[in-house]
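Participant: Below is the file work_0.pdb, which contains PDB, N, CA and C atoms.
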MODEL        1
ATOM      1  N   MET A   1     103.274  91.225  82.170
ATOM      2  CA  MET A   1     102.563  90.988  83.406
ATOM      3  C   MET A   1     103.498  91.302  84.576
ATOM      4  N   PRO A   2     103.093  92.232  85.450
ATOM      5  CA  PRO A   2     103.965  92.602  86.564
ATOM      6  C   PRO A   2     104.142  91.462  87.564
ATOM      7  N   LYS A   3     105.296  91.423  88.168
ATOM      8  CA  LYS A   3     105.641  90.391  89.148
ATOM      9  C   LYS A   3     105.686  91.039  90.534
ATOM     10  N   ILE A   4     105.134  90.330  91.509
ATOM     11  CA  ILE A   4     105.197  90.775  92.898
ATOM     12  C   ILE A   4     106.102  89.814  93.654
ATOM     13  N   THR A   5     107.059  90.379  94.368
ATOM     14  CA  THR A   5     107.930  89.595  95.243
ATOM     15  C   THR A   5     107.592  89.984  96.672
ATOM     16  N   ILE A   6     107.237  88.982  97.474
ATOM     17  CA  ILE A   6     106.977  89.191  98.896
ATOM     18  C   ILE A   6     108.219  88.731  99.653
ATOM     19  N   LEU A   7     108.806  89.628 100.427
ATOM     20  CA  LEU A   7     109.973  89.270 101.217
ATOM     21  C   LEU A   7     109.559  88.329 102.352
ATOM     22  N   PRO A   8     110.476  87.486 102.827
ATOM     23  CA  PRO A   8     110.116  86.552 103.893
ATOM     24  C   PRO A   8     109.571  87.250 105.140
ATOM     25  N   HIS A   9     108.533  86.662 105.706
ATOM     26  CA  HIS A   9     107.913  87.095 106.962
ATOM     27  C   HIS A   9     107.791  85.837 107.793
ATOM     28  N   GLU A  10     108.311  85.839 109.016
ATOM     29  CA  GLU A  10     108.454  84.595 109.778
ATOM     30  C   GLU A  10     107.152  83.841 110.008
ATOM     31  N   VAL A  11     106.010  84.503 110.002
ATOM     32  CA  VAL A  11     104.737  83.822 110.242
ATOM     33  C   VAL A  11     103.917  83.684 108.955
ATOM     34  N   ILE A  12     103.739  84.761 108.238
ATOM     35  CA  ILE A  12     102.824  84.777 107.094
ATOM     36  C   ILE A  12     103.413  84.100 105.859
ATOM     37  N   CYS A  13     104.703  84.295 105.637
ATOM     38  CA  CYS A  13     105.326  83.804 104.398
ATOM     39  C   CYS A  13     106.815  83.542 104.665
ATOM     40  N   PRO A  14     107.138  82.479 105.427
ATOM     41  CA  PRO A  14     108.524  82.266 105.874
ATOM     42  C   PRO A  14     109.560  82.190 104.759
ATOM     43  N   ASP A  15     109.198  81.673 103.618
ATOM     44  CA  ASP A  15     110.148  81.546 102.510
ATOM     45  C   ASP A  15     110.046  82.681 101.498
ATOM     46  N   GLY A  16     109.173  83.635 101.754
ATOM     47  CA  GLY A  16     108.919  84.661 100.764
ATOM     48  C   GLY A  16     108.082  84.072  99.634
ATOM     49  N   ALA A  17     107.762  84.885  98.656
ATOM     50  CA  ALA A  17     106.960  84.415  97.518
ATOM     51  C   ALA A  17     107.214  85.325  96.329
ATOM     52  N   GLN A  18     106.967  84.788  95.149
ATOM     53  CA  GLN A  18     107.058  85.579  93.928
ATOM     54  C   GLN A  18     105.992  85.055  92.973
ATOM     55  N   PHE A  19     105.227  85.968  92.391
ATOM     56  CA  PHE A  19     104.140  85.561  91.502
ATOM     57  C   PHE A  19     103.799  86.694  90.539
ATOM     58  N   ASP A  20     103.173  86.320  89.430
ATOM     59  CA  ASP A  20     102.682  87.295  88.464
ATOM     60  C   ASP A  20     101.346  87.832  88.953
ATOM     61  N   SER A  21     101.054  89.067  88.587
ATOM     62  CA  SER A  21      99.789  89.682  88.967
ATOM     63  C   SER A  21      99.219  90.425  87.769
ATOM     64  N   ASN A  22      97.981  90.799  87.882
ATOM     65  CA  ASN A  22      97.319  91.550  86.818
ATOM     66  C   ASN A  22      97.297  93.030  87.157
ATOM     67  N   GLU A  23      97.536  93.863  86.166
ATOM     68  CA  GLU A  23      97.411  95.303  86.371
ATOM     69  C   GLU A  23      95.989  95.608  86.823
ATOM     70  N   GLY A  24      95.869  96.487  87.805
ATOM     71  CA  GLY A  24      94.563  96.883  88.314
ATOM     72  C   GLY A  24      94.104  96.084  89.525
ATOM     73  N   ASP A  25      94.723  94.933  89.787
ATOM     74  CA  ASP A  25      94.388  94.170  90.995
ATOM     75  C   ASP A  25      94.984  94.868  92.208
ATOM     76  N   SER A  26      94.308  94.776  93.338
ATOM     77  CA  SER A  26      94.933  95.284  94.560
ATOM     78  C   SER A  26      96.075  94.340  94.931
ATOM     79  N   ILE A  27      97.064  94.873  95.589
ATOM     80  CA  ILE A  27      98.178  94.037  96.034
ATOM     81  C   ILE A  27      97.653  92.943  96.960
ATOM     82  N   LEU A  28      96.696  93.280  97.813
ATOM     83  CA  LEU A  28      96.126  92.293  98.721
ATOM     84  C   LEU A  28      95.460  91.151  97.962
ATOM     85  N   ASN A  29      94.617  91.464  96.987
ATOM     86  CA  ASN A  29      93.943  90.408  96.223
ATOM     87  C   ASN A  29      94.944  89.532  95.480
ATOM     88  N   ALA A  30      95.981  90.136  94.918
ATOM     89  CA  ALA A  30      97.006  89.355  94.221
ATOM     90  C   ALA A  30      97.722  88.422  95.191
ATOM     91  N   ALA A  31      98.050  88.927  96.387
ATOM     92  CA  ALA A  31      98.725  88.100  97.381
ATOM     93  C   ALA A  31      97.829  86.947  97.833
ATOM     94  N   LEU A  32      96.583  87.248  98.159
ATOM     95  CA  LEU A  32      95.656  86.206  98.608
ATOM     96  C   LEU A  32      95.460  85.134  97.540
ATOM     97  N   ALA A  33      95.354  85.540  96.285
ATOM     98  CA  ALA A  33      95.161  84.591  95.184
ATOM     99  C   ALA A  33      96.363  83.670  94.998
ATOM    100  N   ASN A  34      97.509  84.091  95.555
ATOM    101  CA  ASN A  34      98.731  83.303  95.405
ATOM    102  C   ASN A  34      99.211  82.713  96.734
ATOM    103  N   GLY A  35      98.294  82.559  97.664
ATOM    104  CA  GLY A  35      98.592  81.850  98.901
ATOM    105  C   GLY A  35      99.310  82.636  99.975
ATOM    106  N   VAL A  36      99.399  83.954  99.838
ATOM    107  CA  VAL A  36     100.034  84.791 100.868
ATOM    108  C   VAL A  36      98.904  85.467 101.647
ATOM    109  N   SER A  37      98.684  85.002 102.870
ATOM    110  CA  SER A  37      97.525  85.427 103.669
ATOM    111  C   SER A  37      97.814  86.680 104.479
ATOM    112  N   ILE A  38      97.892  87.813 103.792
ATOM    113  CA  ILE A  38      98.031  89.091 104.479
ATOM    114  C   ILE A  38      96.729  89.339 105.239
ATOM    115  N   GLU A  39      96.849  89.733 106.507
ATOM    116  CA  GLU A  39      95.651  90.001 107.305
ATOM    117  C   GLU A  39      94.860  91.154 106.693
ATOM    118  N   HIS A  40      93.535  91.091 106.864
ATOM    119  CA  HIS A  40      92.653  92.142 106.351
ATOM    120  C   HIS A  40      91.359  92.131 107.158
ATOM    121  N   ALA A  41      91.463  92.618 108.398
ATOM    122  CA  ALA A  41      90.365  92.539 109.358
ATOM    123  C   ALA A  41      89.105  93.270 108.917
ATOM    124  N   CYS A  42      89.230  94.288 108.108
ATOM    125  CA  CYS A  42      88.046  95.059 107.695
ATOM    126  C   CYS A  42      87.481  94.573 106.365
ATOM    127  N   GLU A  43      87.946  93.422 105.907
ATOM    128  CA  GLU A  43      87.454  92.827 104.652
ATOM    129  C   GLU A  43      87.679  93.755 103.450
ATOM    130  N   LYS A  44      88.848  94.389 103.414
ATOM    131  CA  LYS A  44      89.300  95.183 102.263
ATOM    132  C   LYS A  44      88.529  96.489 102.062
ATOM    133  N   SER A  45      87.985  97.053 103.132
ATOM    134  CA  SER A  45      87.177  98.258 102.988
ATOM    135  C   SER A  45      87.892  99.545 103.414
ATOM    136  N   CYS A  46      89.194  99.483 103.623
ATOM    137  CA  CYS A  46      89.989 100.643 104.044
ATOM    138  C   CYS A  46      89.456 101.213 105.356
ATOM    139  N   ALA A  47      89.271 100.300 106.342
ATOM    140  CA  ALA A  47      88.766 100.724 107.639
ATOM    141  C   ALA A  47      89.660 100.260 108.787
ATOM    142  N   CYS A  48      90.877  99.796 108.467
ATOM    143  CA  CYS A  48      91.824  99.375 109.505
ATOM    144  C   CYS A  48      93.234  99.454 108.906
ATOM    145  N   THR A  49      94.210  98.898 109.601
ATOM    146  CA  THR A  49      95.581  98.923 109.077
ATOM    147  C   THR A  49      96.211  97.537 109.031
ATOM    148  N   THR A  50      95.425  96.481 109.173
ATOM    149  CA  THR A  50      96.011  95.149 109.261
ATOM    150  C   THR A  50      96.673  94.688 107.970
ATOM    151  N   CYS A  51      96.334  95.275 106.840
ATOM    152  CA  CYS A  51      96.960  94.880 105.570
ATOM    153  C   CYS A  51      98.114  95.808 105.185
ATOM    154  N   HIS A  52      98.625  96.549 106.163
ATOM    155  CA  HIS A  52      99.745  97.467 105.935
ATOM    156  C   HIS A  52     100.944  96.723 105.355
ATOM    157  N   ILE A  53     101.521  97.276 104.319
ATOM    158  CA  ILE A  53     102.737  96.748 103.704
ATOM    159  C   ILE A  53     103.718  97.890 103.477
ATOM    160  N   ILE A  54     104.964  97.528 103.215
ATOM    161  CA  ILE A  54     105.983  98.502 102.839
ATOM    162  C   ILE A  54     106.460  98.099 101.449
ATOM    163  N   VAL A  55     106.367  99.028 100.513
ATOM    164  CA  VAL A  55     106.753  98.763  99.129
ATOM    165  C   VAL A  55     108.230  99.109  98.979
ATOM    166  N   LYS A  56     109.064  98.078  98.915
ATOM    167  CA  LYS A  56     110.511  98.265  98.859
ATOM    168  C   LYS A  56     111.000  98.629  97.465
ATOM    169  N   SER A  57     110.259  98.231  96.444
ATOM    170  CA  SER A  57     110.622  98.551  95.064
ATOM    171  C   SER A  57     109.345  98.676  94.243
ATOM    172  N   GLY A  58     109.278  99.705  93.419
ATOM    173  CA  GLY A  58     108.112  99.934  92.570
ATOM    174  C   GLY A  58     107.097 100.899  93.158
ATOM    175  N   PHE A  59     107.429 101.519  94.288
ATOM    176  CA  PHE A  59     106.486 102.417  94.962
ATOM    177  C   PHE A  59     106.005 103.544  94.049
ATOM    178  N   SER A  60     106.904 104.104  93.274
ATOM    179  CA  SER A  60     106.539 105.257  92.429
ATOM    180  C   SER A  60     105.549 104.890  91.326
ATOM    181  N   SER A  61     105.383 103.593  91.045
ATOM    182  CA  SER A  61     104.442 103.180  90.006
ATOM    183  C   SER A  61     103.005 103.126  90.518
ATOM    184  N   LEU A  62     102.826 103.187  91.830
ATOM    185  CA  LEU A  62     101.483 103.104  92.412
ATOM    186  C   LEU A  62     100.799 104.462  92.375
ATOM    187  N   ALA A  63      99.485 104.439  92.188
ATOM    188  CA  ALA A  63      98.715 105.681  92.287
ATOM    189  C   ALA A  63      98.821 106.199  93.716
ATOM    190  N   ASP A  64      98.717 107.508  93.883
ATOM    191  CA  ASP A  64      98.797 108.096  95.217
ATOM    192  C   ASP A  64      97.673 107.583  96.109
ATOM    193  N   ALA A  65      97.972 107.456  97.389
ATOM    194  CA  ALA A  65      96.959 107.075  98.371
ATOM    195  C   ALA A  65      95.957 108.211  98.519
ATOM    196  N   ASP A  66      94.688 107.852  98.697
ATOM    197  CA  ASP A  66      93.694 108.898  98.928
ATOM    198  C   ASP A  66      93.722 109.318 100.402
ATOM    199  N   GLU A  67      92.939 110.319 100.743
ATOM    200  CA  GLU A  67      92.970 110.883 102.093
ATOM    201  C   GLU A  67      92.562 109.857 103.149
ATOM    202  N   ASN A  68      91.583 109.024 102.859
ATOM    203  CA  ASN A  68      91.139 108.006 103.811
ATOM    204  C   ASN A  68      92.260 107.012 104.107
ATOM    205  N   GLU A  69      92.930 106.530 103.054
ATOM    206  CA  GLU A  69      94.040 105.609 103.258
ATOM    207  C   GLU A  69      95.153 106.278 104.059
ATOM    208  N   GLU A  70      95.479 107.517 103.735
ATOM    209  CA  GLU A  70      96.518 108.257 104.468
ATOM    210  C   GLU A  70      96.168 108.365 105.949
ATOM    211  N   ASP A  71      94.893 108.621 106.255
ATOM    212  CA  ASP A  71      94.470 108.734 107.652
ATOM    213  C   ASP A  71      94.689 107.420 108.399
ATOM    214  N   TYR A  72      94.365 106.293 107.770
ATOM    215  CA  TYR A  72      94.578 104.994 108.416
ATOM    216  C   TYR A  72      96.063 104.657 108.507
ATOM    217  N   LEU A  73      96.814 104.980 107.487
ATOM    218  CA  LEU A  73      98.256 104.700 107.534
ATOM    219  C   LEU A  73      98.922 105.392 108.711
ATOM    220  N   ASP A  74      98.431 106.560 109.082
ATOM    221  CA  ASP A  74      98.992 107.272 110.235
ATOM    222  C   ASP A  74      98.905 106.442 111.516
ATOM    223  N   LYS A  75      98.011 105.457 111.557
ATOM    224  CA  LYS A  75      97.814 104.618 112.741
ATOM    225  C   LYS A  75      98.569 103.287 112.657
ATOM    226  N   ALA A  76      99.214 103.017 111.542
ATOM    227  CA  ALA A  76      99.862 101.723 111.323
ATOM    228  C   ALA A  76     101.148 101.596 112.132
ATOM    229  N   TRP A  77     101.425 100.376 112.600
ATOM    230  CA  TRP A  77     102.665 100.090 113.298
ATOM    231  C   TRP A  77     103.810 100.054 112.285
ATOM    232  N   GLY A  78     104.927 100.690 112.597
ATOM    233  CA  GLY A  78     106.101 100.634 111.738
ATOM    234  C   GLY A  78     105.959 101.407 110.437
ATOM    235  N   LEU A  79     105.240 102.495 110.471
ATOM    236  CA  LEU A  79     104.993 103.301 109.272
ATOM    237  C   LEU A  79     106.303 103.763 108.633
ATOM    238  N   GLU A  80     106.391 103.628 107.332
ATOM    239  CA  GLU A  80     107.549 104.057 106.539
ATOM    240  C   GLU A  80     107.048 104.993 105.432
ATOM    241  N   PRO A  81     107.918 105.785 104.817
ATOM    242  CA  PRO A  81     107.480 106.639 103.704
ATOM    243  C   PRO A  81     106.863 105.849 102.542
ATOM    244  N   GLU A  82     107.259 104.584 102.397
ATOM    245  CA  GLU A  82     106.747 103.749 101.309
ATOM    246  C   GLU A  82     105.654 102.796 101.780
ATOM    247  N   SER A  83     104.980 103.128 102.871
ATOM    248  CA  SER A  83     103.893 102.301 103.393
ATOM    249  C   SER A  83     102.618 102.512 102.591
ATOM    250  N   ARG A  84     101.862 101.433 102.450
ATOM    251  CA  ARG A  84     100.540 101.483 101.812
ATOM    252  C   ARG A  84      99.647 100.450 102.482
ATOM    253  N   LEU A  85      98.348 100.596 102.317
ATOM    254  CA  LEU A  85      97.412  99.547 102.678
ATOM    255  C   LEU A  85      97.250  98.686 101.437
ATOM    256  N   SER A  86      97.539  97.399 101.574
ATOM    257  CA  SER A  86      97.544  96.534 100.387
ATOM    258  C   SER A  86      96.162  96.349  99.786
ATOM    259  N   CYS A  87      95.104  96.636 100.546
ATOM    260  CA  CYS A  87      93.750  96.539  99.988
ATOM    261  C   CYS A  87      93.435  97.714  99.071
ATOM    262  N   GLN A  88      94.208  98.781  99.175
ATOM    263  CA  GLN A  88      93.944  99.996  98.392
ATOM    264  C   GLN A  88      94.937 100.218  97.261
ATOM    265  N   ALA A  89      96.158  99.772  97.413
ATOM    266  CA  ALA A  89      97.200  99.978  96.393
ATOM    267  C   ALA A  89      96.999  98.975  95.260
ATOM    268  N   THR A  90      96.914  99.475  94.044
ATOM    269  CA  THR A  90      96.694  98.593  92.893
ATOM    270  C   THR A  90      97.965  98.461  92.059
ATOM    271  N   VAL A  91      98.125  97.262  91.525
ATOM    272  CA  VAL A  91      99.286  96.920  90.714
ATOM    273  C   VAL A  91      99.232  97.687  89.397
ATOM    274  N   SER A  92     100.373  98.231  88.996
ATOM    275  CA  SER A  92     100.484  98.865  87.676
ATOM    276  C   SER A  92     101.379  97.981  86.816
ATOM    277  N   SER A  93     102.057  98.539  85.863
ATOM    278  CA  SER A  93     102.872  97.733  84.949
ATOM    279  C   SER A  93     104.252  97.387  85.510
ATOM    280  N   GLU A  94     104.632  97.993  86.629
ATOM    281  CA  GLU A  94     105.974  97.791  87.186
ATOM    282  C   GLU A  94     105.988  96.673  88.234
ATOM    283  N   ASP A  95     107.077  95.905  88.271
ATOM    284  CA  ASP A  95     107.252  94.873  89.292
ATOM    285  C   ASP A  95     107.337  95.523  90.669
ATOM    286  N   LEU A  96     106.889  94.790  91.693
ATOM    287  CA  LEU A  96     106.882  95.290  93.062
ATOM    288  C   LEU A  96     107.619  94.334  93.989
ATOM    289  N   VAL A  97     108.305  94.893  94.974
ATOM    290  CA  VAL A  97     108.885  94.116  96.064
ATOM    291  C   VAL A  97     108.217  94.625  97.332
ATOM    292  N   ILE A  98     107.622  93.681  98.083
ATOM    293  CA  ILE A  98     106.783  94.018  99.225
ATOM    294  C   ILE A  98     107.342  93.410 100.511
ATOM    295  N   GLU A  99     107.335  94.210 101.565
ATOM    296  CA  GLU A  99     107.655  93.719 102.903
ATOM    297  C   GLU A  99     106.387  93.785 103.741
ATOM    298  N   ILE A 100     106.074  92.701 104.437
ATOM    299  CA  ILE A 100     104.954  92.689 105.369
ATOM    300  C   ILE A 100     105.533  92.980 106.747
ATOM    301  N   PRO A 101     105.089  94.048 107.412
ATOM    302  CA  PRO A 101     105.649  94.371 108.726
ATOM    303  C   PRO A 101     105.460  93.221 109.720
ATOM    304  N   LYS A 102     106.346  93.181 110.687
ATOM    305  CA  LYS A 102     106.319  92.103 111.678
ATOM    306  C   LYS A 102     105.048  92.141 112.520
ATOM    307  N   TYR A 103     104.535  93.328 112.824
ATOM    308  CA  TYR A 103     103.379  93.477 113.696
ATOM    309  C   TYR A 103     102.283  94.280 113.016
ATOM    310  N   THR A 104     101.053  94.063 113.492
ATOM    311  CA  THR A 104      99.932  94.934 113.137
ATOM    312  C   THR A 104      99.305  95.384 114.438
ATOM    313  N   ILE A 105      98.372  96.305 114.362
ATOM    314  CA  ILE A 105      97.656  96.724 115.585
ATOM    315  C   ILE A 105      96.504  95.785 115.889
ATOM    316  N   ASN A 106      96.267  94.794 115.041
ATOM    317  CA  ASN A 106      95.203  93.837 115.263
ATOM    318  C   ASN A 106      95.566  92.955 116.467
ATOM    319  N   MET A 107      94.689  92.854 117.432
ATOM    320  CA  MET A 107      94.958  92.088 118.640
ATOM    321  C   MET A 107      94.735  90.589 118.437
ATOM    322  N   VAL A 108      93.899  90.225 117.480
ATOM    323  CA  VAL A 108      93.557  88.832 117.249
ATOM    324  C   VAL A 108      93.642  88.560 115.762
ATOM    325  N   SER A 109      94.258  87.458 115.393
ATOM    326  CA  SER A 109      94.329  87.057 113.994
ATOM    327  C   SER A 109      93.520  85.777 113.826
ATOM    328  N   GLU A 110      92.599  85.792 112.895
ATOM    329  CA  GLU A 110      91.742  84.641 112.677
ATOM    330  C   GLU A 110      92.490  83.445 112.118
ATOM    331  N   ASP A 111      93.620  83.648 111.468
ATOM    332  CA  ASP A 111      94.358  82.558 110.827
ATOM    333  C   ASP A 111      95.368  81.884 111.738
ATOM    334  N   HIS A 112      95.565  82.368 112.972
ATOM    335  CA  HIS A 112      96.619  81.805 113.821
ATOM    336  C   HIS A 112      96.035  81.222 115.090
TER     337      HIS A 112
ENDMDL
END
What's the structure tokens form of this structure?
Facilitator:
Amino acid sequence: MPKITILPHEVICPDGAQFDSNEGDSILNAALANGVSIEHACEKSCACTTCHIIVKSGFSSLADADENEEDYLDKAWGLEPESRLSCQATVSSEDLVIEIPKYTINMVSEDH
């Protein structure tokens, strides 16, 4: 069972987190199921960038982003070569280390 490590984020996950996940789950769903409230303003429909993450380890194990995801990633704050939308990237057999960027382009967060 692959393990996901979320690096500390001062608001969303101050102490970081580590949990097991199921292959085929989106990174976002795995995080939400384990108490890490990554923003997702479009309700996981690949229509915004609020669930943008940076995959620090295990990036090569993820399936390639499709054209729609790539188009939205171009609009994300703090874009890195290992950036993905967590609602679209699915867990494979490899462990992942995830960084949640400090900012999103979302002007309002429902959880804060």
Participant: So which residues fall inside 6 Å of (92.2, 94.7, 111.6) if we count all atoms listed in the file? Mind giving them as an NGL selection string?
Facilitator: :A and (40-42 or 48-50 or 106)
Participant: Compare A:Glu82, A:Asp15, A:Glu67, A:Asp25 by their minimum atom-to-atom distance to His52 of chain A, counting only C-alpha atoms, and give me the closest one.
Facilitator: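 Looking only at the distances to His52 of chain A, the closest residue turns out to be A:Glu82.
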Participant: If we count all atoms listed in the file and set the cut-off at 6 Å, which residues sit around segment 54-65 of chain A, ignoring sequence neighbours fewer than 6 positions away in its own chain? Please answer as a list in words.
Facilitator: Glu82, Ser83, Arg84, Thr90, Ser92, Glu94, Asp95, Leu96, Val97, Ile98, Glu99, Ile100 and Pro101 of chain A
Participant: Segment 18-98 of chain A: which residues are strand (DSSP E) by DSSP, as a list in words?
Facilitator: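 Matching residues for strand (DSSP E) in segment 18-98 of chain A are Gln18, Phe19, Asp20, His52, Ile53, Ile54, Val55, Lys56, Ser57, Ser83, Arg84, Leu85, Leu96, Val97 and Ile98 of chain A.
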Participant: What are the DSSP helix (DSSP H, G or I) residues of segment 7-108 of chain A, as number ranges by chain?
Facilitator: A: 27-33, 59-61, 67-73
Participant: What separation in Å, quoted to one decimal, exists between atom CA of Asp74 of chain A and atom CA of Glu10 of chain A?
Facilitator: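 We find that atom CA of Asp74 of chain A and atom CA of Glu10 of chain A lie 24.6 Å from each other.
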Participant: Quick one: distance from atom CA of Ser37 of chain A to atom C of Ser93 of chain A in Å, one decimal?
Facilitator: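 Going from atom CA of Ser37 of chain A over to atom C of Ser93 of chain A covers 22.8 Å.
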Participant: What does the distance between atom CA of Lys102 of chain A and atom CA of Pro2 of chain A come to in Å, to one decimal place?
Facilitator: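 One can read the atom CA of Lys102 of chain A to atom CA of Pro2 of chain A distance as 25.2 Å.
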Participant: So that I can see what lies close to Leu85 of chain A, please list as a list in words the residues with an atom at most 8 Å from it, counting only C-alpha atoms and leaving out residues fewer than 4 positions away in the same chain.
Facilitator: Cys46, Thr49, Cys51, His52, Ile53, Glu69, Leu73 and Ala89 of chain A
Participant: Provide an axis-aligned box for all listed atoms of segment 66-69 of chain A, padding each side by 3 Å; report its centre and its edge lengths in Å to one decimal, as JSON.
Facilitator:
{"center_x": 93.1, "center_y": 108.2, "center_z": 101.4, "size_x": 10.0, "size_y": 11.3, "size_z": 11.4}
Participant: Which one of A:Thr104, A:Met1, A:Cys87, A:Lys75 sits closest to Asn22 of chain A if you count only N, CA and C atoms?
Facilitator: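 Answer, going by the shortest atom-to-atom distance: A:Met1.
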Participant: List the spatial neighbours of Asn29 of chain A as a PDB file with N, CA and C atoms, in the coordinates of the input - criterion: any atom at most 8 Å away, all atoms listed in the file, same-chain residues fewer than 5 positions off excluded.
Facilitator:
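File written: result.pdb
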ATOM      1  N   ASN A  34      97.509  84.091  95.555  1.00  0.00           N
ATOM      2  CA  ASN A  34      98.731  83.303  95.405  1.00  0.00           C
ATOM      3  C   ASN A  34      99.211  82.713  96.734  1.00  0.00           C
ATOM      4  N   SER A  86      97.539  97.399 101.574  1.00  0.00           N
ATOM      5  CA  SER A  86      97.544  96.534 100.387  1.00  0.00           C
ATOM      6  C   SER A  86      96.162  96.349  99.786  1.00  0.00           C
ATOM      7  N   CYS A  87      95.104  96.636 100.546  1.00  0.00           N
ATOM      8  CA  CYS A  87      93.750  96.539  99.988  1.00  0.00           C
ATOM      9  C   CYS A  87      93.435  97.714  99.071  1.00  0.00           C
ATOM     10  N   GLN A  88      94.208  98.781  99.175  1.00  0.00           N
ATOM     11  CA  GLN A  88      93.944  99.996  98.392  1.00  0.00           C
ATOM     12  C   GLN A  88      94.937 100.218  97.261  1.00  0.00           C
TER      13      GLN A  88
END
Participant: Taking only N, CA and C atoms into account, name the residue in A:Asn68, A:Ile38, A:Leu7, A:Val91 that is nearest to Ser21 of chain A.
Facilitator: A:Val91
Participant: With all atoms listed in the file counted, which protein, DNA or RNA residues have an atom no more than 6 Å from (103.4, 83.0, 99.4) in the file frame? Please answer as a count of residues only.
Facilitator: 7
